[in-house]
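Participant: Structure file start_7.txt (compact mmCIF, C-alpha atoms) right here:
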```
# COMPACT_ATOMS: atom_id res chain seq x y z
CA MET A 1 21.96 -24.71 -22.60
CA TRP A 2 18.36 -25.84 -22.21
CA LEU A 3 15.58 -23.43 -23.21
CA PRO A 4 12.04 -24.40 -22.26
CA ASP A 5 9.32 -24.30 -24.88
CA ARG A 6 7.11 -21.34 -23.94
CA ARG A 7 4.29 -22.45 -26.21
CA GLY A 8 3.61 -25.44 -23.99
CA PHE A 9 3.53 -23.21 -20.93
CA PHE A 10 1.01 -20.82 -22.48
CA LEU A 11 -1.18 -23.67 -23.74
CA GLY A 12 -1.17 -25.11 -20.22
CA CYS A 13 -2.17 -21.73 -18.80
CA ALA A 14 -4.98 -21.43 -21.33
CA ALA A 15 -6.27 -24.81 -20.20
CA LEU A 16 -6.49 -23.46 -16.63
CA GLY A 17 -9.15 -20.95 -17.72
CA GLY A 18 -11.85 -23.17 -16.25
CA CYS A 19 -10.29 -23.19 -12.77
CA GLY A 20 -11.77 -19.83 -11.80
CA PHE A 21 -8.66 -17.77 -12.43
CA ALA A 22 -9.60 -14.24 -13.52
CA PRO A 23 -7.32 -11.24 -13.96
CA ALA A 24 -7.79 -8.70 -11.18
CA TYR A 25 -7.65 -5.72 -13.53
CA GLY A 26 -9.57 -7.36 -16.37
CA PRO A 27 -13.19 -6.50 -17.18
CA GLY A 28 -15.29 -7.52 -14.17
CA GLY A 29 -12.23 -8.28 -12.04
CA SER A 30 -12.06 -7.04 -8.45
CA GLY A 31 -9.59 -4.27 -9.40
CA ASP A 32 -11.99 -3.01 -12.05
CA ARG A 33 -15.03 -3.23 -9.73
CA LEU A 34 -13.19 -1.45 -6.89
CA ARG A 35 -12.49 1.64 -9.00
CA GLY A 36 -14.52 4.60 -7.74
CA GLN A 37 -16.13 2.58 -4.94
CA ILE A 38 -13.92 3.52 -1.96
CA LEU A 39 -14.21 6.72 0.07
CA VAL A 40 -11.04 7.10 2.15
CA ALA A 41 -11.29 8.58 5.64
CA ALA A 42 -10.16 12.22 5.80
CA PRO A 43 -6.42 12.71 6.37
CA GLU A 44 -5.16 14.23 9.61
CA ASP A 45 -1.42 14.66 8.98
CA ARG A 46 1.22 14.56 6.22
CA GLU A 47 1.46 10.75 6.12
CA ASP A 48 -2.35 10.39 6.07
CA PHE A 49 -2.54 12.88 3.20
CA THR A 50 0.08 11.01 1.15
CA PHE A 51 -1.69 7.69 1.88
CA THR A 52 -5.13 9.05 0.92
CA LYS A 53 -3.82 10.70 -2.23
CA ARG A 54 -2.18 7.47 -3.41
CA ILE A 55 -5.35 5.44 -2.87
CA GLU A 56 -7.49 8.05 -4.63
CA ASP A 57 -4.99 8.28 -7.51
CA ARG A 58 -5.17 4.53 -8.08
CA LEU A 59 -8.83 3.84 -7.28
CA GLY A 60 -10.51 7.17 -7.95
CA ARG A 61 -12.44 9.49 -5.67
CA ASN A 62 -16.19 9.30 -5.29
CA GLN A 63 -18.17 10.98 -2.50
CA ALA A 64 -21.07 8.61 -3.25
CA ALA A 65 -18.88 5.49 -2.99
CA LEU A 66 -20.45 2.30 -1.65
CA PHE A 67 -17.55 1.53 0.69
CA GLY A 68 -15.47 3.45 3.20
CA LEU A 69 -11.83 2.84 4.05
CA GLU A 70 -10.89 3.44 7.67
CA TYR A 71 -7.23 3.17 8.58
CA LYS A 72 -4.61 3.82 11.21
CA ILE A 73 -0.98 4.36 10.23
CA THR A 74 1.71 3.68 12.81
CA THR A 75 5.42 4.27 12.28
CA ARG A 76 8.60 3.95 14.28
CA SER A 77 12.19 4.89 13.60
CA ASP A 78 15.11 2.61 14.50
CA GLY A 79 18.74 3.72 14.45
CA LEU A 80 20.89 1.28 12.45
CA ALA A 81 24.44 2.41 11.76
CA ILE A 82 25.83 3.77 15.02
CA THR A 83 29.45 4.90 15.10
CA ALA A 84 31.93 4.46 17.95
CA THR A 85 31.12 8.05 18.97
CA GLN A 86 27.42 7.13 19.27
CA GLU A 87 26.29 9.00 16.15
CA THR A 88 23.49 7.34 14.21
CA GLN A 89 24.20 7.40 10.49
CA ARG A 90 21.24 5.42 9.14
CA TYR A 91 17.65 4.99 10.23
CA ASN A 92 15.03 2.39 9.41
CA LEU A 93 11.42 3.52 9.28
CA VAL A 94 8.98 0.71 9.98
CA GLY A 95 5.34 1.37 9.22
CA SER A 96 2.08 -0.49 9.36
CA VAL A 97 -1.50 0.25 8.41
CA GLN A 98 -4.43 -1.41 10.09
CA TYR A 99 -7.42 -0.89 7.82
CA SER A 100 -11.07 -1.82 7.45
CA VAL A 101 -13.39 -1.62 4.47
CA VAL A 102 -16.88 -0.72 5.63
CA ASP A 103 -20.21 -0.81 3.81
CA ARG A 104 -21.31 2.83 4.04
CA ALA A 105 -25.03 1.96 3.91
CA THR A 106 -25.03 -0.56 6.77
CA ALA A 107 -21.74 0.28 8.58
CA ALA A 108 -20.88 -3.43 8.36
CA GLU A 109 -17.18 -4.23 8.32
CA LEU A 110 -16.49 -6.19 5.13
CA THR A 111 -12.79 -6.87 5.46
CA THR A 112 -9.97 -5.91 7.79
CA ASN A 113 -6.25 -6.49 7.65
CA THR A 114 -2.85 -5.08 8.57
CA VAL A 115 0.05 -4.46 6.20
CA GLN A 116 3.60 -3.67 7.23
CA THR A 117 6.81 -2.63 5.48
CA PHE A 118 9.92 -0.54 5.98
CA THR A 119 12.27 1.89 4.29
CA SER A 120 15.39 3.69 5.42
CA TYR A 121 17.38 6.87 5.03
CA SER A 122 20.89 8.15 5.63
CA ALA A 123 21.75 10.71 8.29
CA THR A 124 25.32 11.39 7.23
CA GLY A 125 24.86 14.83 5.64
CA THR A 126 23.95 18.19 7.04
CA THR A 127 20.97 18.70 9.31
CA VAL A 128 18.93 20.03 6.38
CA ALA A 129 19.90 17.07 4.16
CA THR A 130 19.09 14.59 6.91
CA ARG A 131 15.70 16.18 7.53
CA ALA A 132 14.92 16.13 3.79
CA ALA A 133 15.96 12.47 3.58
CA GLU A 134 13.75 11.65 6.58
CA ARG A 135 10.76 13.41 5.04
CA ASP A 136 11.29 11.62 1.75
CA ALA A 137 11.57 8.26 3.54
CA TYR A 138 8.24 8.85 5.31
CA ALA A 139 6.63 9.70 1.96
CA ARG A 140 8.07 6.54 0.35
CA LEU A 141 6.92 4.44 3.29
CA THR A 142 3.39 5.82 3.08
CA LEU A 143 3.17 5.21 -0.68
CA ILE A 144 4.34 1.63 -0.28
CA LEU A 145 1.80 1.05 2.52
CA ALA A 146 -1.01 2.46 0.35
CA ASP A 147 -0.02 0.16 -2.52
CA LEU A 148 -0.03 -2.83 -0.16
CA VAL A 149 -3.51 -1.91 1.12
CA ILE A 150 -4.81 -1.62 -2.45
CA THR A 151 -3.31 -5.00 -3.34
CA GLN A 152 -4.94 -6.60 -0.29
CA MET A 153 -8.32 -5.01 -1.08
CA ILE A 154 -8.18 -6.25 -4.66
CA ALA A 155 -7.22 -9.74 -3.51
CA SER A 156 -10.00 -9.91 -0.92
CA GLY A 157 -12.52 -8.05 -3.09
CA VAL A 158 -13.79 -11.25 -4.65
CA ASP A 159 -15.39 -12.03 -1.27
CA TRP A 160 -17.15 -8.72 -0.59
CA LEU A 161 -17.51 -6.70 -3.80
CA PRO A 162 -20.94 -6.84 -5.47
```
Please re-express this file's structure in structure tokens.
Facilitator:
Amino acid sequence: MWLPDRRGFFLGCAALGGCGFAPAYGPGGSGDRLRGQILVAAPEDREDFTFTKRIEDRLGRNQAALFGLEYKITTRSDGLAITATQETQRYNLVGSVQYSVVDRATAAELTTNTVQTFTSYSATGTTVATRAAERDAYARLTLILADLVITQMIASGVDWLP
């Protein structure tokens, strides 16, 4: 069995330090500079609230933030496992967020993008269990979408963060 020498790999990575690679969450990285600088648009429903809370938990909340995050969440539900008696036993929830980061001082749009993902839930239990599973799936979907938006903002932040 062949085992690669990790020391050579790490020495090679250290040599790449001059190529402009910088850790996103390191001191001065875009993840570090983004913290406390985003004011998320006010939530209007349960999914918006979960989305906003996740972003504020990860990036902080600051009413005097330099940038605003405007977003629109869209979701749809698709039936997957349909029995011979036409009962749907599993649903896929597909969600997307179209978002823009705006300079609050000038109202200039700094970056815009769309992220999309999915999750699913089972509808084989009681009505109460199915409703609880659906609610949980929407919460999971919204959290995943918020994490994707944060990742995209950190990745693009090198272009627009001061």
Participant: Of the candidates A:Ala139, A:Ala81, A:Val149, A:Val158, which shows the shortest atom-to-atom distance to Phe49 (chain A), using only C-alpha atoms?
Facilitator: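 Among the listed residues, A:Ala139 lies closest to Phe49 (chain A).
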Participant: With distances taken over all atoms listed in the file, which of A:Ala65, A:Trp160, A:Pro43, A:Gln116 is nearest to Asp147 (chain A)?
Facilitator: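 Ranking A:Ala65, A:Trp160, A:Pro43, A:Gln116 by distance to Asp147 (chain A), first place goes to A:Gln116.
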Participant: Given all atoms listed in the file as the basis, pick out the residue of A:Ala133, A:Ala84, A:Leu34, A:Val40 nearest to Ser100 (chain A).
Facilitator: A:Val40
Participant: Measure the distance from CA of Val115 (chain A) to CA of Ala146 (chain A) in Å and round it to one decimal.
Facilitator: 9.1 Å
Participant: Which residue out of A:Val102, A:Leu39, A:Leu93, A:Ala64 has the minimum interatomic distance to Leu161 (chain A) when all atoms listed in the file are used?
Facilitator: A:Val102
Participant: Compare A:Ser77, A:Gln152, A:Thr83, A:Thr111 by their minimum atom-to-atom distance to Glu134 (chain A), counting only C-alpha atoms, and give me the closest one.
Facilitator: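 Smallest separation from Glu134 (chain A) among the options: A:Ser77.
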Participant: Quick one: pull the distance between CA of Gly36 (chain A) and CA of Tyr71 (chain A), Å, one decimal.
Facilitator: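 Answer for the CA of Gly36 (chain A) to CA of Tyr71 (chain A) separation: 17.9 Å.
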Participant: Residues within 12 Å of Ala107 (chain A), please, as an NGL selection string. Count only C-alpha atoms; anything in the same chain fewer than 2 positions from it doesn't count.
Facilitator: :A and (66-70 or 100-105 or 109-111)
Participant: Just the residues within 10 Å of Lys53 (chain A), please, counting all atoms listed in the file, with nothing from its chain fewer than 5 positions along; format it as a compact mmCIF listing (two decimals) with C-alpha atoms, in the coordinates of the input.
Facilitator:
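File written: result12.txt
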```txt
# COMPACT_ATOMS: atom_id res chain seq x y z
CA VAL A 40 -11.04 7.10 2.15
CA PRO A 43 -6.42 12.71 6.37
CA GLU A 47 1.46 10.75 6.12
CA ASP A 48 -2.35 10.39 6.07
CA ARG A 58 -5.17 4.53 -8.08
CA LEU A 59 -8.83 3.84 -7.28
CA GLY A 60 -10.51 7.17 -7.95
CA ARG A 61 -12.44 9.49 -5.67
CA LEU A 143 3.17 5.21 -0.68
CA ALA A 146 -1.01 2.46 0.35
```
Participant: Of the candidates A:Arg76, A:Arg135, A:Arg35, A:Arg140, which shows the shortest atom-to-atom distance to Asn62 (chain A), using all atoms listed in the file?
Facilitator: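 That would be A:Arg35, the residue with the smallest distance to Asn62 (chain A).
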Participant: Mind working out the centre and edge lengths of an axis-aligned box for region 123-135 of chain A, all listed atoms inside, 4 Å added to each side, rounded to one decimal in Å and written as AutoDock Vina command-line options?
Facilitator:
```
--center_x 18.0 --center_y 15.4 --center_z 6.4 --size_x 22.6 --size_y 17.3 --size_z 13.7
```
Participant: For CA of Ala22 (chain A) and CA of Thr112 (chain A), quote the distance in Å rounded to one decimal.
Facilitator: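 Interatomic distance, CA of Ala22 (chain A) to CA of Thr112 (chain A): 22.9 Å.
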Participant: So which residues touch Ala24 (chain A) within 12 Å, counting all atoms listed in the file, skipping near sequence neighbours fewer than 3 positions away, as a list of chain:residue names?
Facilitator: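 Close residues of Ala24 (chain A): A:Gly20, A:Phe21, A:Pro27, A:Gly28, A:Gly29, A:Ser30, A:Gly31, A:Asp32, A:Arg33, A:Leu34, A:Arg35, A:Ile150, A:Thr151, A:Gln152, A:Met153, A:Ile154, A:Ala155, A:Ser156, A:Gly157, A:Val158.
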